[in-house]
Structure formats: C-alpha cells, structure tokens
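Here's the structure we're looking at; comments come further down.
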Amino acid sequence: MKQLSSTELRQLFLDFFEEKGHKVERSASLVPVEDPSLLWVNSGVATMKKYFDGTVKPANPRIASSQKSIRTNDIENVGVTARHHTLFEMLGNFSIGDYFKTEGIVWAWEFLTSPDWMDLDPEKLYVTVYPDDEEAYTIWKEEVGLEASHIVKEEGNFWDIGEGPCGPNSEIFYDRGESFNDLPEGHEENYPGGENERWLEIWNLVFSQFNHKPNNVYDPLPNKNIDTGMGLERMLSILQDAPTNFETDLFLPIIEKVEKLSGIKYGETVENKVSFKVIADHVRALAFAISDGALPSNEGRGYVLRRLLRRSVMHGRRLSIEKPFLTECIPVVADIMEEHYPEVKQNSEFISKVILNEEERFLETLAAGLERVNEIIADAKDKKQSTLSGKDVFQLYDTFGFPIELTEEVVSEENLTIDYKEFEEEMAKQRDRARAARQSEGSMAVQSSLLSDLTVQSEFTGYTKDETVSTLVKIIKEESFVETVNSGDNVKLLFEESPFYPEKGGQVGDSGLILDNDSNVLAEVNTVKSGPEGQPVHIVTVRKELTADQDYTLVIDKKRRRLIERNHTATHLLHQALKDVLGDHAKQAGSLVEENHLRFDFTHFGQVTEDELAEMERIVNQKIQENYVVETVETTLAKAKELGAMALFGEKYGEHVRLVMIGNYSKELCGGTHVKATAEIGMFKITSEAGIGAGTRRITALTSEGAYQWMEEQLRILNDASKLMKVQSPKEVPSRIKLLQKELKESNQVNESLHAKLANAQADEVFTNVKTVDSVSFIAEEIKAKDMNQLRQLADKWKQEDYSDVLVLGLKDDEKVNLIVSMNQTAVKKGLKSGDLIKHISPFVNGGGGGRPDFAQAGGKKPEGLKDALSAVTDWIEQKNS
C-alpha cells in the first residue's frame with residue numbers, strides 16, 4: 001500500500017482515469033449553477049445531470065473529477081463519528097452511454113490493487129452486489145478473480161430515487177483488521193456492508209441502467225451509464241493509517257492551529273476531541289462555500305453557513321476560546337488545499353472578512369439569547385412552572401441560534417427543567433421540513449432518446465451574418481421526427497446552419513422569419529434553444545408547409561438582435577466596473593440579456609451605496625464614449641487565461657473558447673453576440689439595485705434606445721412636477737420641495753398642539769369619572785384624540801396626577817380601535833397586570849395586544865365593540881379581587 005498525501009491521492013486518481021481516456025473536469029462551484037433542485041452540490045454526479053439526462057452532450061462521454069461537496073443532513077454527527085463531514089471531496093469516474101459494468105469494475109480493481117497505482121492488498125478488499133445483478137457478480141468473480149467469500153450479496157445495493165434513472169450498485173470495502181472489531185452493544189453487523197468500523201466502504205459503483213416509471217415499472221434506459229464515487233477523506237485515512245478521517249493531513253493542521261489558539265491538546269478528553277473535529281470540519285466548509293459566493297443569512301444555504309459558524313464558535317467556547325478565532329484558521333485551510341483549489345487562498349481576505357463579521361454578530365446574539373432565556377425563566381416562575389416549554393427552548397435554538405447546551409446551563413442554575421419531549425418534537429418537525437426540501441436533491445430526468453438522436457451538427461453563422469440560406473435537416477413535432485409540417489403547427493426545426501443565436505449564457509434566443517426563395521413568410525421563429533451539442537433548435541409557428549431536406553432563407557430580427565448585443569456588451573463593461581468599485585470578490589451570479597433591458601446578478605457582502613452605483617455607471621459610460629473596439633478571438637482555454645480572461649466560476653468550458661476583449665479594459669470568455677465598438681451602445685443607465693438573496697444582489701440597467709426613453713420619461717415627470725409646484729425651472733424643484741416640507745411641518749405642529757389641547761380638555765373631564773370596585777379605583781372611558789401617541793401622553797398625565805389605580809382609555813374611528821391600560825404601583829402590588837387586562841378586553845374589538853404589568857396597549861378592527869370592552873373592565877377587576 002502506498003503512503004500518499006491528500007494532494008497525491010487526488011492527482012493519482014485523476015491521472016489514472018485520464019489514461020483511460022477520461023476528460024478530467026475541474027470541481028464545480030458548491031453553489032449549483034442553473035439547478036434550483038439543489039441547495040448545494042452534494043455529490044460528483046450532481047454536476048453531471050445535464051449529461052445523464054441528455055440535455056447536453058459532453059465532448060467526451062468519459063469524465064473524471066474530484067468534486068467538492070456539501071451535505072448537512074447529519075450535521076449533529078459531525079465530530080462524533082469517524083467519518084461524518086459537511087464538506088467532503090468525491091472522486092468519481094463517469095460514463096455517459098459509453099462503457100459499462102465490465103470496465104467500471106475492472107478499472108476500479110486495477111486502480112486499487114495495481115502496484116503502479118494504489119497497491120492495496122487484494123486480500124483486504126471485499127465487495128457487495130445486488131442479489132439479482134448476476135452480471136456484476138460474474139465480473140467480480142471471473143474478470144477480476146475475486147473469491148466468492150469476498151463478494152456479499154446485499155439487498156440494499158440498488159440506487160433508486162423514486163422515479164427516473166436507477167440501477168444496481170456495487171460497493172467496495174477495505175478490511176481494517178480485527179483491532180476495529182469493537183461494536184456498540186446490541187449490534188451484530190460485523191461484516192462488509194454492515195454498521196461497523198472494521199469494513200470501511202471506500203468506493204460505490206452505480207450502474208444506471210433502468211428507468212423507474214410509475215407503478216414500479218422498470219424499463220431499460222436507451223443509454224446505460226456509470227456513476228462512481230470514492231470518498232477522498234475515507235481513502236486517505238486508510239493510506240495514512242489514521243483511526244478516523246480527522247487524523248489525516250486534510251484536518252490535522254487545522255486541529256494543530258486550534259490547539260495553539262486554545263492552549264488545549266487535542267484528545268485529552270472525548271468531549272474536547274469532538275470540539276476540535278467540529279471546528280476543523282466546519283471551517284473548511286465555510287471557507288469553500290464563501291469562496292464560491294455563498295454568504296451567511298437566515299434562509300437557504302445562508303442559514304446552513306450561519307449554523308456551521310455558530311456551532312464552531314460554541315465548540316470554541318468549550319475549548320476556552322472566548323474571542324473570534326475562525327479567521328485565523330482560514331490561511332491553514334487555504335495552504336492545505338492550494339494545489340487543487342487555489343481560489344480559497346485567492347479569496348482568503350474576503351472569506352476572513354465575512355467570517356469575522358459573522359462571529360462578532362454571533363457574540364452579540366449570545367447576549368441577546370441570554371436576555372430571552374431570562375425572560376422565559378421569569379415568565380415560567382410567574383406562572384409557578386418548574387419546566388420550560390420545549391417550543392420556547394427550540395425557538396431560542398432555531399431563531400436566536402442559542403445552543404441548547406447554554407440554555408440547559410442557565411436553566412439548571414434556576415432549578416428548572418426543560419420539556420425535552422416537546423423540544424424533540426419541534427426538532428423532528430424541522431428535520432421533516434429539511435427532508436422535504438431535500439427530496440429533489442440528486443433528482444435527474446430520464447434521457448430523451450429523441451434528444452440523444454439529435455446528433456446532427458448545425459453551424460451557427462450569426463456572428464457574421466443576419467440571414468442564411470440553409471437546408472432543413474430535422475423537424476420535431478410533438479416529440480417525434482416528421483418529414484412535413486403545415487400551417488398552424490408549433491414545431492422545432494434544425495438546419496445545417498443558422499444565424500439564429502440559441503438562448504444560453506444569459507442571452508435570450510433570437511427571433512425572426514423563415515422565408516422561401518420568393519421571400520414569402522413560411523414560419524415565424526419565436527425563440528431558439530440550445531440542443532444537446534449546442535445546435536440552434538428553432539421554436540417556430542408554421543404559416544405555410546415546410547419539408548425536410550429543402551432549402552430555406554433564415555432571417556433574424558435585426559433590430560432586436562442589435563439591441564440585445566448592446567445590452568450584452570454592456571454587461572461585460574458592468575462586470576469589470578463592479579470589480580473596480582467593489583473588489584474582486586464581486587462575481588457574476590447570473591445574468592439576463594434581452595432587447596429591452598439587462599439584468600446582472602452578483603455576489604457581494606453588504607449594501608451597495610448610491611455613490612458606488614454612480615461610480616460604476618460613470619465608468620461604463622466613459623468606456624462607451626472612448627469607443628473601444630470589441631474584438632473576439634477563438635483560442636484555447638489555457639491561452640485565454642494567460643491573456644487575463646475572466647472566466648465565470650462554475651461554468652464548464654471546452655478546450656477551445658471564444659474570448660471577447662473590449663480594448664484593454666475587459667477580457668471575458670463568452671459565446672454571445674456583441675457590438676463591434678462600444679460607442680454603438682450609446683448610453684448606459686442603472687435603473688435599480690437590490691438584494692435578491694443571501695449575499696446576492698441584482699442590478700437592472702438600460703442601454704441605447706431604452707436608456708434614452710427612460711431619461712426622457714424622467715425629464716417629463718420632472719417638468720410636470722415643476723408645473724404643479726409653479727416654479728420657472730426644474731432646477732428649482734428641490735428648493736420648492738424643502739419649502740413645502742417646512743410649511744407642512746409647521747402646520748402639523750399647530751395641528752398636534754390643537755389636538756393635544758382638545759385631548760387635555762377632555763382629560764380634565766374624563767379623569768373625574770373615577771369608579772371604585774373592591775377598593776380598586778379605576779377610570780374606563782372613550783376619548784377623542786388624534787392617535788395612540790396622544791393616548792400615551794394622557795396616560796403619562798394620569799400617572800403624574802395619580803387620579804386612580806387603573807386607567808383604561810379607548811379611541812375609535814370608522815375602521816379601527818386603539819386601547820391603552822395603565823396601572824399604578826398600588827394596583828400592581830394587588831396582583832393586577834395591565835397586560836392581563838388588555839388581553840381580556842381587546843377581543844371585544846376583534847383585536848389583541850400586550851405589555852408590561854404597569855402599561856399595555858392593543859388595537860382592534862371592531863369600533864362598535866369599544867363600549868362593551870370598557871364595560872368589561874368592572875367585571876375583570878371584581879374577578880381578580882374575588
């Protein structure tokens with residue numbers, strides 16, 4: 001067995017499959033690209049779905065990768081078990097309708113046992129197969145030569161997500177020896193495939209060969225696929241003879257850093273060992289996820305990051321680390337992973353800024369959580385309860401991020417307990433919600449045989465031509481190939497060549513016409529989609545008969561295309577301007593380029609100021625005015641990167657790419673269409689900027705005609721405002737508004753004063769209407785006042801003059817009611833509380849409210865119920881004193 005570092009193991013795997021004709025793909029972003037079914041990229045196959053379902057045909061049907069992945073469904077087990085992680089790497093080889101079981105099994109065995117590769121002892125390897133998969137069993141036994149005693153038939157070896165592609169799988173296990181025979185009491189699973197520490201699963205080979213249809217029908221797939229996954233961390237623990245994944249070179253440097261920060265040695269106690277592992281695991285996940293554009297928040301993947309960070313901080317506290325410390329671990333993570341993932345080191349400054357800000361906020365949250373704990377405890381004691389509500393404790397955990405362990409600590413000091421059953425019920429509900437959200441993870445559509453057959457090439461001529469005469473080679477009607485279509489049919493057409501740009505890269509598809517030799521319109525092209533090999537697939541409405549193998553003239557909507565091109569080139573200028581103003585961390589997270597406007601999504605931590613937006617807009621307009629030449633060059637990916645090209649992280653690029661260069665200002669890989677020089681854009685105007693999710697913001701902008709029309713509209717509105725304000729020039733509008741605001745403020749002050757005088761006049765009369773019940777004096781009256789604020793002022797006056805023990809005032813208009821209740825110390829000492837009284841009377845007005853013992857307020861929507869509400873005060877006082 002070879003002794004390898006994590007870097008060497010990863011590279012060895014990729015080199016092996018590259019020798020077997022596989023294209024090695026770089027790890028995709030953890031944030032899924034154009035896949036809303038996933039919260040995170042959670043496996044190697046997750047990035048291959050477009051190939052497996054046939055929507056995109058890969059340049060090479062053999063692919064290998066080392067894919068970083070995140071899974072958080074078992075977060076509570078991280079650090080407790082030997083191998084649970086949030087972030088992990090999946091080494092995988094994939095066949096898209098190419099080789100199948102024989103190669104998949106034989107190559108796995110070769111990589112694991114050959115002296116040239118891993119050189120594992122074959123005697124220590126065991127496999128499981130699906131009982132009905134005789135083919136796999138035979139290959140293991142006859143092709144590989146594995147003894148029958150090393151092949152276990154296991155019912156669970158069938159990969160199936162409900163409906164869609166599925167098939168048997170074969171898992172490979174490594175026997176770690178008798179020293180790992182210890183099992184928890186009651187467990188009898190000491191065999192390959194069982195729950196134990198001895199036989200460690202290192203590789204799973206999935207043979208995707210069936211389509212699971214409704215009613216449990218399993219049809220053979222038109223193209224059979226191979227999907228394998230080997231956990232880098234698990235394999236490394238074997239090669240480095242580590243008792244768990246955490247004692248490998250992927251984690252130990254982080255653990256050693258935490259030892260220095262805490263002054264505590266790893267492994268002194270079982271508890272401290274868990275804390276070290278949790279921190280080492282979570283800080284890796286945080287570094288990679290933030291580097292890929294995810295940011296902490298209260299929802300979605302942002303909530304996952306926030307939870308990971310807060311768990312890390314709490315485990316740091318267990319190691320006596322009271323100050324922010326996670327940022328000091330980021331350079332360690334960056335150094336470990338630099339060779340294969342240089343982006344973590346490149347983005348380390350931004351990652352650290354995000355984490356430090358979040359750590360500091362959480363320390364404030366801990367203080368707020370303690371305050372809420374004390375409120376819950378006080379409420380329980382008031383109600384003479386010895387057990388805290390599990391729902392309240394769960395709210396602390398879920399909403400405030402306040403750890404249950406801290407709640408237990410505070411509660412025990414007050415001699416109280418927690419309703420753990422109710423707490424676990426709430427936790428179970430949360431898990432159910434998370435499980436429901438994950439049900440679509442990993443889901444994959446079935447390959448369309450029609451799409452798979454659409455392999456005919458089609459050349460895009462639209463970079464240089466607006467119209468082309470071309471042969472119609474394929475007609476698709478209602479998911480079938482046909483030879484002829486007639487007026488009214490809605491069909492998809494494929495030509496030998498086409499000037500129509502297919503929708504991709506954020507740019508919408510072209511529209512236009514299909515003509516005959518006499519320029520008669522035969523069909524309208526509504527839009528164009530991209531086929532599995534990037535072919536323009538025309539979505540058309542037929543006006544006159546079309547027949548396959550005939551020549552037609554394809555003409556794009558030239559005006560629409562020119563507008564789209566202006567907007568597309570403007571996105572390139574904006575992308576660079578964003579980086580100039582905000583920093584290199586501002587990465588494109590999506591775009592939409594239409595004829596009417598452009599939309600640009602980007603990652604950014606925090607608000608974008610008006611000054612920053614103005615500066616971006618100024619830069620883009622300056623580049624437009626300088627009339628840079630827009631040059632496109634077809635080159636290799638390596639050469640483009642040498643030239644400084646900006647590539648979108650998460651996008652897959654082939655060996656040959658199209659580089660769009662705007663002078664020396666912007667260099668970006670892009671397959672879209674563009675203007676020839678920036679002056680064609682005319683002008684650029686940002687119309688809106690807003691956050692659209694955790695750490696993601698969106699700019700909407702206009703160019704050329706759209707920007708001009710927008711500016712004209714703004715000028716018209718300003719001129720209309722000038723006329724309404726009766727000023728000579730629009731320049732005078734701001735000063736006129738200030739003058740009107742001043743006059744309005746003065747009028748409001750006079751109005752407030754008059755209302756206050758009226759209310760005080762009423763108060764002098766109302767405060768004399770004092771009633772007494774069982775030695776408690778009270779006032780319960782309707783009063784005419786401006787708003788709730790004046791009611792509070794009257795309550796303050798009542799308190800100063802001490803007119804009675806209890807005050808209840810009501811204010812109503814045609815639609816709503818306001819109520820206030822105030823009590824002096826005499827009433828409070830008798831056990832009367834304003835909050836209790838307001839809860840008793842507010843239902844009479846269809847309302848609700850609450851407050852402190854000495855003051856409470858409520859609102860309602862039933863004005864006619866105010867009289868009954870005030871009358872109910874007497875009964876309430878009598879009941880309380882009885």
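Chain labels run A, B, ... following the order of the structure tokens; each chain numbers its residues from 1, and ligands are numbered from 1 in the order shown.
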Those in stretch 557-639 of chain A with alpha helix (DSSP H) from DSSP, as a count of residues only
44
I'd like to know which of A:Val608, A:Leu38, A:Ile290, A:Leu811 is closest to A:Glu864, using only C-alpha atoms.
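Of A:Val608, A:Leu38, A:Ile290, A:Leu811, the one nearest A:Glu864 is A:Leu811, counting only C-alpha atoms.
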Which residues, written as an MDAnalysis selection string, have at least one atom at most 10 Å from A:Arg311, with only C-alpha atoms counted and residues fewer than 3 positions away on the same chain left out?
chainID A and resid 75:76 275 278:279 282 305:308 314:317 401:403
Which residues come within 9 Å of A:Gly531, counting only C-alpha atoms, excluding same-chain residues fewer than 4 positions away, as a VMD selection string?
chain A and resid 55 to 57 451 454 to 455 502 535 to 537
Output N, CA, C and O atoms for every residue in that selection, as a PDB file, in the first residue's frame.
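Saved file out_5.pdb follows:
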```pdb
ATOM      1  N   THR A  55     -29.752  16.479 -21.976  1.00  0.00           N
ATOM      2  CA  THR A  55     -29.969  17.859 -22.435  1.00  0.00           C
ATOM      3  C   THR A  55     -28.698  18.465 -23.012  1.00  0.00           C
ATOM      4  O   THR A  55     -28.764  19.376 -23.837  1.00  0.00           O
ATOM      5  N   VAL A  56     -27.544  17.974 -22.556  1.00  0.00           N
ATOM      6  CA  VAL A  56     -26.266  18.422 -23.108  1.00  0.00           C
ATOM      7  C   VAL A  56     -25.425  17.181 -23.403  1.00  0.00           C
ATOM      8  O   VAL A  56     -25.373  16.249 -22.590  1.00  0.00           O
ATOM      9  N   LYS A  57     -24.798  17.169 -24.555  1.00  0.00           N
ATOM     10  CA  LYS A  57     -23.923  16.055 -24.901  1.00  0.00           C
ATOM     11  C   LYS A  57     -22.485  16.450 -24.600  1.00  0.00           C
ATOM     12  O   LYS A  57     -21.993  17.461 -25.094  1.00  0.00           O
ATOM     13  N   LEU A 451     -33.683  13.420 -27.993  1.00  0.00           N
ATOM     14  CA  LEU A 451     -32.559  14.337 -27.853  1.00  0.00           C
ATOM     15  C   LEU A 451     -31.246  13.619 -28.111  1.00  0.00           C
ATOM     16  O   LEU A 451     -30.333  14.164 -28.730  1.00  0.00           O
ATOM     17  N   LEU A 454     -30.429  13.473 -31.611  1.00  0.00           N
ATOM     18  CA  LEU A 454     -30.236  14.753 -32.300  1.00  0.00           C
ATOM     19  C   LEU A 454     -28.744  15.099 -32.306  1.00  0.00           C
ATOM     20  O   LEU A 454     -28.293  16.033 -31.666  1.00  0.00           O
ATOM     21  N   THR A 455     -27.984  14.286 -33.026  1.00  0.00           N
ATOM     22  CA  THR A 455     -26.531  14.466 -33.036  1.00  0.00           C
ATOM     23  C   THR A 455     -26.038  15.187 -34.286  1.00  0.00           C
ATOM     24  O   THR A 455     -24.857  15.489 -34.391  1.00  0.00           O
ATOM     25  N   PRO A 502     -28.949  30.673 -30.219  1.00  0.00           N
ATOM     26  CA  PRO A 502     -29.757  29.914 -29.256  1.00  0.00           C
ATOM     27  C   PRO A 502     -29.561  30.449 -27.831  1.00  0.00           C
ATOM     28  O   PRO A 502     -28.450  30.824 -27.459  1.00  0.00           O
ATOM     29  N   GLN A 535     -26.499  22.925 -30.772  1.00  0.00           N
ATOM     30  CA  GLN A 535     -27.122  23.318 -32.037  1.00  0.00           C
ATOM     31  C   GLN A 535     -28.286  24.283 -31.792  1.00  0.00           C
ATOM     32  O   GLN A 535     -29.017  24.147 -30.807  1.00  0.00           O
ATOM     33  N   PRO A 536     -28.479  25.256 -32.694  1.00  0.00           N
ATOM     34  CA  PRO A 536     -29.668  26.119 -32.597  1.00  0.00           C
ATOM     35  C   PRO A 536     -30.928  25.325 -32.955  1.00  0.00           C
ATOM     36  O   PRO A 536     -31.076  24.869 -34.093  1.00  0.00           O
ATOM     37  N   VAL A 537     -31.810  25.132 -31.971  1.00  0.00           N
ATOM     38  CA  VAL A 537     -33.082  24.452 -32.205  1.00  0.00           C
ATOM     39  C   VAL A 537     -34.155  25.529 -32.261  1.00  0.00           C
ATOM     40  O   VAL A 537     -34.449  26.180 -31.257  1.00  0.00           O
TER      41      VAL A 537
END
```
Among the residues A:Glu746, A:Glu503, A:Asp335, A:Asp15, the one that comes closest to A:Glu594 [using only C-alpha atoms]
A:Glu503
For A:Met788, the nearest of the candidates A:Val817, A:Ala679, A:Leu261, A:Ile699, counting only C-alpha atoms:
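Smallest distance to A:Met788 is found for A:Val817.
Computed from the coordinates, the atom CA of A:Pro168 to atom CA of A:Pro220 distance equals 12.4 Å.
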Between atom CA of A:Tyr218 and atom CA of A:Ser37, what is the spacing in Å?
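Going from atom CA of A:Ser37 over to atom CA of A:Tyr218 covers 23.8 Å.
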Identify, on the basis of only C-alpha atoms, every residue whose closest approach to A:Ser498 does not exceed 8 Å; exclude the query and any residue fewer than 5 positions from it along the same chain; express the result as a list in words.
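Once the adjacent positions are removed, what remains is Ser458, Glu459, Phe460, Thr461, Gly462, Glu467, Thr468, Ser470, Pro536 and Leu554 of chain A.
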Please identify all polymer residues within 7 Å of stretch 228-242 of chain A, counting only C-alpha atoms, omitting same-chain residues fewer than 4 positions from it, and present them as a list in words.
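With the cut-off at 7 Å, the set is Lys2, Gln3, Leu4, Ser6, Glu89, Met90, Leu91, Gly92, Asn93, Phe94, Ile202, Trp203, Asn204, Leu205, Val206, Glu247 and Thr248 of chain A.
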Could you save the residues just selected, with all heavy atoms, as a short mmCIF file (atom, residue, chain, number, x, y, z; two decimals), in the first residue's frame?
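Saved to result-v3.cif:
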```cif
data_model
loop_
_atom_site.label_atom_id
_atom_site.label_comp_id
_atom_site.auth_asym_id
_atom_site.auth_seq_id
_atom_site.Cartn_x
_atom_site.Cartn_y
_atom_site.Cartn_z
N LYS A 2 0.57 2.18 -0.88
CA LYS A 2 1.37 3.40 -0.98
C LYS A 2 1.04 4.38 0.14
O LYS A 2 -0.10 4.44 0.61
CB LYS A 2 1.13 4.06 -2.34
CG LYS A 2 1.70 3.29 -3.51
CD LYS A 2 1.64 4.09 -4.79
CE LYS A 2 2.33 3.34 -5.92
NZ LYS A 2 2.32 4.09 -7.19
N GLN A 3 2.03 5.14 0.56
CA GLN A 3 1.82 6.21 1.51
C GLN A 3 1.70 7.51 0.72
O GLN A 3 2.66 7.97 0.10
CB GLN A 3 3.01 6.31 2.49
CG GLN A 3 3.24 5.05 3.31
CD GLN A 3 2.08 4.76 4.24
OE1 GLN A 3 1.64 5.65 4.98
NE2 GLN A 3 1.59 3.53 4.23
N LEU A 4 0.50 8.08 0.71
CA LEU A 4 0.25 9.25 -0.12
C LEU A 4 -0.32 10.40 0.70
O LEU A 4 -1.03 10.19 1.68
CB LEU A 4 -0.76 8.91 -1.23
CG LEU A 4 -0.37 7.80 -2.22
CD1 LEU A 4 -1.54 7.50 -3.14
CD2 LEU A 4 0.85 8.22 -3.04
N SER A 6 -2.88 13.83 0.69
CA SER A 6 -4.19 14.08 0.08
C SER A 6 -4.03 14.61 -1.35
O SER A 6 -4.76 14.21 -2.26
CB SER A 6 -5.00 15.07 0.92
OG SER A 6 -4.28 16.28 1.13
N GLU A 89 -14.80 15.62 -0.39
CA GLU A 89 -14.47 15.53 -1.81
C GLU A 89 -14.84 14.14 -2.32
O GLU A 89 -14.50 13.13 -1.70
CB GLU A 89 -12.99 15.78 -2.05
CG GLU A 89 -12.59 17.24 -1.97
CD GLU A 89 -11.13 17.43 -2.30
OE1 GLU A 89 -10.77 17.41 -3.50
OE2 GLU A 89 -10.34 17.59 -1.35
N MET A 90 -15.50 14.11 -3.46
CA MET A 90 -15.89 12.84 -4.07
C MET A 90 -15.09 12.64 -5.36
O MET A 90 -15.23 13.40 -6.31
CB MET A 90 -17.38 12.82 -4.37
CG MET A 90 -17.89 11.45 -4.76
SD MET A 90 -17.67 10.19 -3.47
CE MET A 90 -18.96 10.66 -2.30
N LEU A 91 -14.23 11.62 -5.34
CA LEU A 91 -13.50 11.25 -6.55
C LEU A 91 -14.43 10.36 -7.37
O LEU A 91 -14.99 9.39 -6.85
CB LEU A 91 -12.23 10.47 -6.18
CG LEU A 91 -11.23 11.21 -5.29
CD1 LEU A 91 -10.18 10.24 -4.75
CD2 LEU A 91 -10.56 12.34 -6.05
N GLY A 92 -14.61 10.68 -8.64
CA GLY A 92 -15.57 9.92 -9.43
C GLY A 92 -15.17 9.78 -10.88
O GLY A 92 -14.49 10.64 -11.44
N ASN A 93 -15.58 8.65 -11.48
CA ASN A 93 -15.46 8.48 -12.93
C ASN A 93 -16.85 8.17 -13.47
O ASN A 93 -17.65 7.48 -12.84
CB ASN A 93 -14.47 7.38 -13.29
CG ASN A 93 -14.83 6.02 -12.73
OD1 ASN A 93 -14.74 5.81 -11.52
ND2 ASN A 93 -15.21 5.09 -13.60
N PHE A 94 -17.14 8.72 -14.63
CA PHE A 94 -18.49 8.66 -15.20
C PHE A 94 -18.43 8.25 -16.66
O PHE A 94 -17.54 8.67 -17.40
CB PHE A 94 -19.18 10.03 -15.08
CG PHE A 94 -19.14 10.60 -13.69
CD1 PHE A 94 -18.08 11.40 -13.28
CD2 PHE A 94 -20.14 10.31 -12.79
CE1 PHE A 94 -18.03 11.91 -11.99
CE2 PHE A 94 -20.10 10.81 -11.50
CZ PHE A 94 -19.05 11.62 -11.10
N ILE A 202 -15.19 2.28 0.67
CA ILE A 202 -14.33 3.29 0.05
C ILE A 202 -14.80 3.70 -1.34
O ILE A 202 -14.39 4.75 -1.84
CB ILE A 202 -12.86 2.80 -0.02
CG1 ILE A 202 -12.78 1.46 -0.75
CG2 ILE A 202 -12.26 2.73 1.38
CD1 ILE A 202 -11.35 0.97 -0.97
N TRP A 203 -15.63 2.88 -2.00
CA TRP A 203 -15.99 3.20 -3.38
C TRP A 203 -17.36 2.61 -3.68
O TRP A 203 -17.67 1.49 -3.28
CB TRP A 203 -14.97 2.60 -4.35
CG TRP A 203 -14.81 3.33 -5.66
CD1 TRP A 203 -15.69 4.16 -6.26
CD2 TRP A 203 -13.68 3.26 -6.53
NE1 TRP A 203 -15.19 4.64 -7.44
CE2 TRP A 203 -13.95 4.10 -7.64
CE3 TRP A 203 -12.47 2.59 -6.50
CZ2 TRP A 203 -13.05 4.27 -8.69
CZ3 TRP A 203 -11.57 2.75 -7.53
CH2 TRP A 203 -11.85 3.59 -8.62
N ASN A 204 -18.19 3.38 -4.38
CA ASN A 204 -19.52 2.91 -4.77
C ASN A 204 -19.64 3.02 -6.29
O ASN A 204 -19.46 4.11 -6.84
CB ASN A 204 -20.61 3.73 -4.08
CG ASN A 204 -22.00 3.17 -4.32
OD1 ASN A 204 -22.14 2.03 -4.78
ND2 ASN A 204 -23.01 3.96 -4.03
N LEU A 205 -19.92 1.91 -6.94
CA LEU A 205 -20.08 1.87 -8.39
C LEU A 205 -21.56 1.72 -8.70
O LEU A 205 -22.16 0.69 -8.37
CB LEU A 205 -19.31 0.72 -9.01
CG LEU A 205 -17.86 0.47 -8.52
CD1 LEU A 205 -17.29 -0.76 -9.19
CD2 LEU A 205 -17.00 1.69 -8.79
N VAL A 206 -22.16 2.75 -9.30
CA VAL A 206 -23.59 2.72 -9.63
C VAL A 206 -23.76 2.43 -11.11
O VAL A 206 -23.17 3.11 -11.96
CB VAL A 206 -24.27 4.05 -9.27
CG1 VAL A 206 -25.75 4.01 -9.65
CG2 VAL A 206 -24.14 4.33 -7.77
N GLU A 247 -7.60 12.46 11.49
CA GLU A 247 -6.17 12.37 11.78
C GLU A 247 -5.35 12.29 10.50
O GLU A 247 -4.24 11.77 10.49
CB GLU A 247 -5.88 11.16 12.66
CG GLU A 247 -6.27 11.35 14.12
CD GLU A 247 -7.76 11.15 14.37
OE1 GLU A 247 -8.40 10.42 13.58
OE2 GLU A 247 -8.29 11.73 15.34
N THR A 248 -5.89 12.85 9.41
CA THR A 248 -5.17 12.90 8.13
C THR A 248 -4.66 14.31 7.88
O THR A 248 -5.00 15.25 8.62
CB THR A 248 -6.09 12.49 6.97
OG1 THR A 248 -7.13 13.46 6.84
CG2 THR A 248 -6.70 11.11 7.22
#
```
A:Tyr552 environment, 6 Å, only C-alpha atoms, sequence neighbours closer than 5 positions dropped, as a PyMOL selection string
chain A and resi 469-470+515-516
Please return as a PyMOL selection string: the residues of stretch 602-780 of chain A that backbone DSSP assigns to strand (DSSP E or B).
chain A and resi 602-603+629-636+646+656-662+666-669+677+684-693+696-703+771-773+776-780
Top pick for closest residue to A:Lys153, considering A:Arg361, A:Asp132, A:Asp175, A:Gly167 and counting only C-alpha atoms
A:Asp132
Select, from A:Leu819, A:Val555, A:Ile475, A:Ile105, the residue with the minimum atom-to-atom distance to A:Gly512, counting only C-alpha atoms.
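Using only C-alpha atoms, A:Gly512 sits closest to A:Val555.
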